[in-house]
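Visitor: Right, I'll just put the structure down here and ask away after.
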Amino acid sequence: KEVFLKLKKWALMGETEEESELYSSLEKFVHNGGEDFPPIFFAAFRKMSEVKENPLEVGITLDVFRLKYLLDSAEETRSQLIKDYYDTYAEVSLKNMLFRMSGFVRSSLIDINDMRDALLMISENFPQFGFTFSLKGIKETEQFESFVSENLKNTDSVFVQKALTKILDRGKFFNTGIEVVFAYLKKLEFEVSTLSMVLSGKQAGMESGEILKKVVLTS
């Protein structure tokens, strides 16, 4: 995600001087080409550069390419557990993205042409999800709002974490392989998130009972 945010920054602001050797190499790659990084990084940078006059479309583009990169990388692992994990993550993320986009459309923050471009980009990059097929046929804002209200809902982080944890629990059936490491690191990531939640609650002056309720919901 940090890499894609860097690409977004360069697309919006132009060339910059980066102190980090990694980002210096990445910047040269997106401006001059090469084979040191995945081609999707360059594709994302180019697309964000094309739409840089519209910050909302840049944000949608970033999310689409980041999710596409995660799914492509998961496929390369040839691990069903990892593919299922990122399939679930991407599907929920896309549905939430469309839900938020409908709010932007209602508020006239995205015009009809930008909406069509975004829906086409999503449908072309994620044909494996059944709900994206219908996006190609949406031409009017009323159609889009109707589609969202009938097929989608905004899914909170608690639901997402529980769904992903359920997939990670399958890692206990592996004794060796990448799944063992992946499941361990992801669960550790969730634990860090929970600790951060507790500390944030304490700093905000929340009662222990309130903090506990939030922690229980995510566990």
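Each chain of the structure tokens is named A, B, ... in the order shown, its residues numbered from 1; ligands are numbered from 1 in display order.
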Determine, counting only C-alpha atoms, which protein, DNA and RNA residues have an atom within 9 Å of an atom of Ala44 (chain A); residues of the same chain fewer than 5 positions away are not included. Present the result as a PyMOL selection string.

Guide: chain A and resi 4+7-8+39+49+61-62+64-66

Visitor: Could you please take those selected residues and save N, CA and C atoms as a PDB file, in the first residue's frame?

Guide:
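Okay, this is what ended up in selection-v3.pdb:
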ATOM      1  N   PHE A   4       2.059   2.055  -3.506  1.00  0.00           N
ATOM      2  CA  PHE A   4       1.038   2.644  -4.350  1.00  0.00           C
ATOM      3  C   PHE A   4       0.747   4.091  -3.947  1.00  0.00           C
ATOM      4  N   LEU A   7       3.382   6.092  -5.609  1.00  0.00           N
ATOM      5  CA  LEU A   7       3.059   6.261  -7.020  1.00  0.00           C
ATOM      6  C   LEU A   7       2.010   7.356  -7.209  1.00  0.00           C
ATOM      7  N   LYS A   8       1.048   7.389  -6.301  1.00  0.00           N
ATOM      8  CA  LYS A   8       0.007   8.419  -6.364  1.00  0.00           C
ATOM      9  C   LYS A   8       0.626   9.806  -6.176  1.00  0.00           C
ATOM     10  N   PRO A  39       5.278  -4.842 -13.635  1.00  0.00           N
ATOM     11  CA  PRO A  39       4.726  -3.916 -14.636  1.00  0.00           C
ATOM     12  C   PRO A  39       3.470  -3.192 -14.157  1.00  0.00           C
ATOM     13  N   SER A  49      -1.671   9.247 -13.504  1.00  0.00           N
ATOM     14  CA  SER A  49      -1.191  10.474 -14.144  1.00  0.00           C
ATOM     15  C   SER A  49      -2.216  11.002 -15.133  1.00  0.00           C
ATOM     16  N   THR A  61      -8.569   4.658  -8.780  1.00  0.00           N
ATOM     17  CA  THR A  61      -7.556   3.983  -9.589  1.00  0.00           C
ATOM     18  C   THR A  61      -6.520   3.299  -8.712  1.00  0.00           C
ATOM     19  N   LEU A  62      -6.065   3.992  -7.675  1.00  0.00           N
ATOM     20  CA  LEU A  62      -5.092   3.414  -6.752  1.00  0.00           C
ATOM     21  C   LEU A  62      -5.641   2.139  -6.123  1.00  0.00           C
ATOM     22  N   VAL A  64      -8.033   0.136  -7.171  1.00  0.00           N
ATOM     23  CA  VAL A  64      -8.217  -0.928  -8.167  1.00  0.00           C
ATOM     24  C   VAL A  64      -6.900  -1.625  -8.473  1.00  0.00           C
ATOM     25  N   PHE A  65      -5.859  -0.857  -8.730  1.00  0.00           N
ATOM     26  CA  PHE A  65      -4.577  -1.456  -9.086  1.00  0.00           C
ATOM     27  C   PHE A  65      -3.920  -2.153  -7.891  1.00  0.00           C
ATOM     28  N   ARG A  66      -4.115  -1.610  -6.694  1.00  0.00           N
ATOM     29  CA  ARG A  66      -3.543  -2.257  -5.498  1.00  0.00           C
ATOM     30  C   ARG A  66      -4.192  -3.616  -5.275  1.00  0.00           C
TER      31      ARG A  66
END

Visitor: Name the residues of region 115-191 of chain A that come out as alpha helix (DSSP H) in a backbone DSSP run; write them as JSON, numbers by chain.

Guide: {"A": [115, 116, 117, 118, 119, 120, 121, 122, 123, 124, 125, 141, 142, 143, 144, 145, 146, 147, 148, 149, 150, 151, 157, 158, 159, 160, 161, 162, 163, 164, 165, 166, 167, 168, 178, 179, 180, 181, 182, 183, 184, 185, 186, 187, 188, 189, 190, 191]}

Visitor: Can I get the selected residues back with N, CA and C atoms, as a compact mmCIF listing (two decimals), in the first residue's frame?

Guide:
# COMPACT_ATOMS: atom_id res chain seq x y z
N MET A 115 -17.84 8.24 -13.54
CA MET A 115 -18.49 7.06 -12.96
C MET A 115 -18.40 5.89 -13.93
N ARG A 116 -18.72 6.14 -15.20
CA ARG A 116 -18.67 5.07 -16.20
C ARG A 116 -17.26 4.52 -16.35
N ASP A 117 -16.27 5.42 -16.37
CA ASP A 117 -14.87 4.98 -16.50
C ASP A 117 -14.46 4.10 -15.32
N ALA A 118 -14.85 4.51 -14.12
CA ALA A 118 -14.49 3.76 -12.92
C ALA A 118 -15.16 2.38 -12.91
N LEU A 119 -16.43 2.33 -13.28
CA LEU A 119 -17.15 1.05 -13.29
C LEU A 119 -16.57 0.11 -14.35
N LEU A 120 -16.19 0.67 -15.49
CA LEU A 120 -15.59 -0.15 -16.54
C LEU A 120 -14.24 -0.69 -16.09
N MET A 121 -13.45 0.13 -15.43
CA MET A 121 -12.14 -0.29 -14.94
C MET A 121 -12.28 -1.43 -13.93
N ILE A 122 -13.26 -1.32 -13.05
CA ILE A 122 -13.49 -2.37 -12.05
C ILE A 122 -13.95 -3.67 -12.72
N SER A 123 -14.89 -3.57 -13.64
CA SER A 123 -15.42 -4.78 -14.29
C SER A 123 -14.36 -5.47 -15.14
N GLU A 124 -13.47 -4.71 -15.77
CA GLU A 124 -12.43 -5.30 -16.62
C GLU A 124 -11.33 -5.95 -15.80
N ASN A 125 -11.03 -5.39 -14.64
CA ASN A 125 -9.94 -5.92 -13.82
C ASN A 125 -10.35 -7.03 -12.87
N THR A 141 -26.62 7.44 -13.66
CA THR A 141 -26.43 7.48 -12.21
C THR A 141 -27.56 6.76 -11.47
N GLU A 142 -28.78 6.87 -12.00
CA GLU A 142 -29.92 6.20 -11.35
C GLU A 142 -29.74 4.69 -11.38
N GLN A 143 -29.21 4.17 -12.49
CA GLN A 143 -28.94 2.74 -12.60
C GLN A 143 -27.94 2.30 -11.54
N PHE A 144 -26.89 3.12 -11.39
CA PHE A 144 -25.83 2.78 -10.43
C PHE A 144 -26.37 2.78 -9.00
N GLU A 145 -27.11 3.82 -8.65
CA GLU A 145 -27.65 3.90 -7.30
C GLU A 145 -28.61 2.75 -7.02
N SER A 146 -29.39 2.37 -8.02
CA SER A 146 -30.31 1.24 -7.86
C SER A 146 -29.54 -0.06 -7.67
N PHE A 147 -28.46 -0.24 -8.45
CA PHE A 147 -27.64 -1.45 -8.35
C PHE A 147 -27.03 -1.56 -6.95
N VAL A 148 -26.50 -0.46 -6.44
CA VAL A 148 -25.87 -0.47 -5.12
C VAL A 148 -26.88 -0.78 -4.03
N SER A 149 -28.03 -0.14 -4.07
CA SER A 149 -29.04 -0.35 -3.03
C SER A 149 -29.58 -1.78 -3.03
N GLU A 150 -29.62 -2.42 -4.20
CA GLU A 150 -30.17 -3.76 -4.31
C GLU A 150 -29.15 -4.87 -4.05
N ASN A 151 -27.87 -4.59 -4.32
CA ASN A 151 -26.86 -5.66 -4.28
C ASN A 151 -25.75 -5.49 -3.26
N SER A 157 -15.17 -3.05 9.33
CA SER A 157 -13.88 -3.74 9.49
C SER A 157 -14.00 -4.98 10.39
N VAL A 158 -14.96 -4.96 11.32
CA VAL A 158 -15.14 -6.09 12.22
C VAL A 158 -15.55 -7.33 11.42
N PHE A 159 -16.53 -7.16 10.53
CA PHE A 159 -17.00 -8.27 9.69
C PHE A 159 -15.87 -8.80 8.83
N VAL A 160 -15.11 -7.88 8.24
CA VAL A 160 -14.01 -8.27 7.35
C VAL A 160 -12.97 -9.08 8.11
N GLN A 161 -12.57 -8.59 9.29
CA GLN A 161 -11.53 -9.29 10.05
C GLN A 161 -11.99 -10.68 10.47
N LYS A 162 -13.25 -10.82 10.83
CA LYS A 162 -13.78 -12.13 11.23
C LYS A 162 -13.76 -13.09 10.04
N ALA A 163 -14.16 -12.59 8.86
CA ALA A 163 -14.18 -13.44 7.67
C ALA A 163 -12.77 -13.88 7.30
N LEU A 164 -11.81 -12.96 7.40
CA LEU A 164 -10.43 -13.30 7.06
C LEU A 164 -9.80 -14.23 8.10
N THR A 165 -10.14 -14.02 9.37
CA THR A 165 -9.62 -14.88 10.43
C THR A 165 -10.10 -16.32 10.24
N LYS A 166 -11.34 -16.47 9.81
CA LYS A 166 -11.89 -17.80 9.56
C LYS A 166 -11.07 -18.55 8.51
N ILE A 167 -10.63 -17.82 7.49
CA ILE A 167 -9.79 -18.43 6.45
C ILE A 167 -8.42 -18.77 7.03
N LEU A 168 -7.86 -17.86 7.82
CA LEU A 168 -6.54 -18.09 8.41
C LEU A 168 -6.53 -19.28 9.36
N ILE A 178 4.27 -22.26 2.92
CA ILE A 178 4.08 -20.81 3.03
C ILE A 178 2.84 -20.45 3.84
N GLU A 179 1.85 -21.35 3.86
CA GLU A 179 0.62 -21.08 4.59
C GLU A 179 0.86 -20.88 6.08
N VAL A 180 1.80 -21.64 6.64
CA VAL A 180 2.11 -21.54 8.08
C VAL A 180 2.60 -20.14 8.41
N VAL A 181 3.53 -19.64 7.63
CA VAL A 181 4.11 -18.31 7.86
C VAL A 181 3.07 -17.23 7.60
N PHE A 182 2.33 -17.38 6.51
CA PHE A 182 1.33 -16.39 6.13
C PHE A 182 0.27 -16.24 7.23
N ALA A 183 -0.28 -17.36 7.68
CA ALA A 183 -1.33 -17.33 8.70
C ALA A 183 -0.81 -16.71 10.00
N TYR A 184 0.42 -17.06 10.37
CA TYR A 184 1.01 -16.53 11.60
C TYR A 184 1.17 -15.01 11.52
N LEU A 185 1.72 -14.53 10.41
CA LEU A 185 1.97 -13.09 10.27
C LEU A 185 0.67 -12.30 10.20
N LYS A 186 -0.31 -12.83 9.51
CA LYS A 186 -1.59 -12.12 9.39
C LYS A 186 -2.31 -12.06 10.74
N LYS A 187 -2.28 -13.16 11.47
CA LYS A 187 -2.91 -13.15 12.79
C LYS A 187 -2.17 -12.20 13.74
N LEU A 188 -0.84 -12.15 13.60
CA LEU A 188 -0.06 -11.21 14.39
C LEU A 188 -0.45 -9.77 14.04
N GLU A 189 -0.69 -9.55 12.78
CA GLU A 189 -1.12 -8.23 12.32
C GLU A 189 -2.45 -7.84 12.97
N PHE A 190 -3.36 -8.79 13.06
CA PHE A 190 -4.65 -8.53 13.70
C PHE A 190 -4.47 -8.24 15.19
N GLU A 191 -3.54 -8.96 15.83
CA GLU A 191 -3.29 -8.74 17.26
C GLU A 191 -2.74 -7.33 17.50

Visitor: Measuring between only C-alpha atoms, which one of A:Leu135, A:Ala74, A:Ile82, A:Leu56 shows the shortest distance to Leu109 (chain A)?

Guide: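 Looking at the shortest contact to Leu109 (chain A), the residue is A:Leu56.
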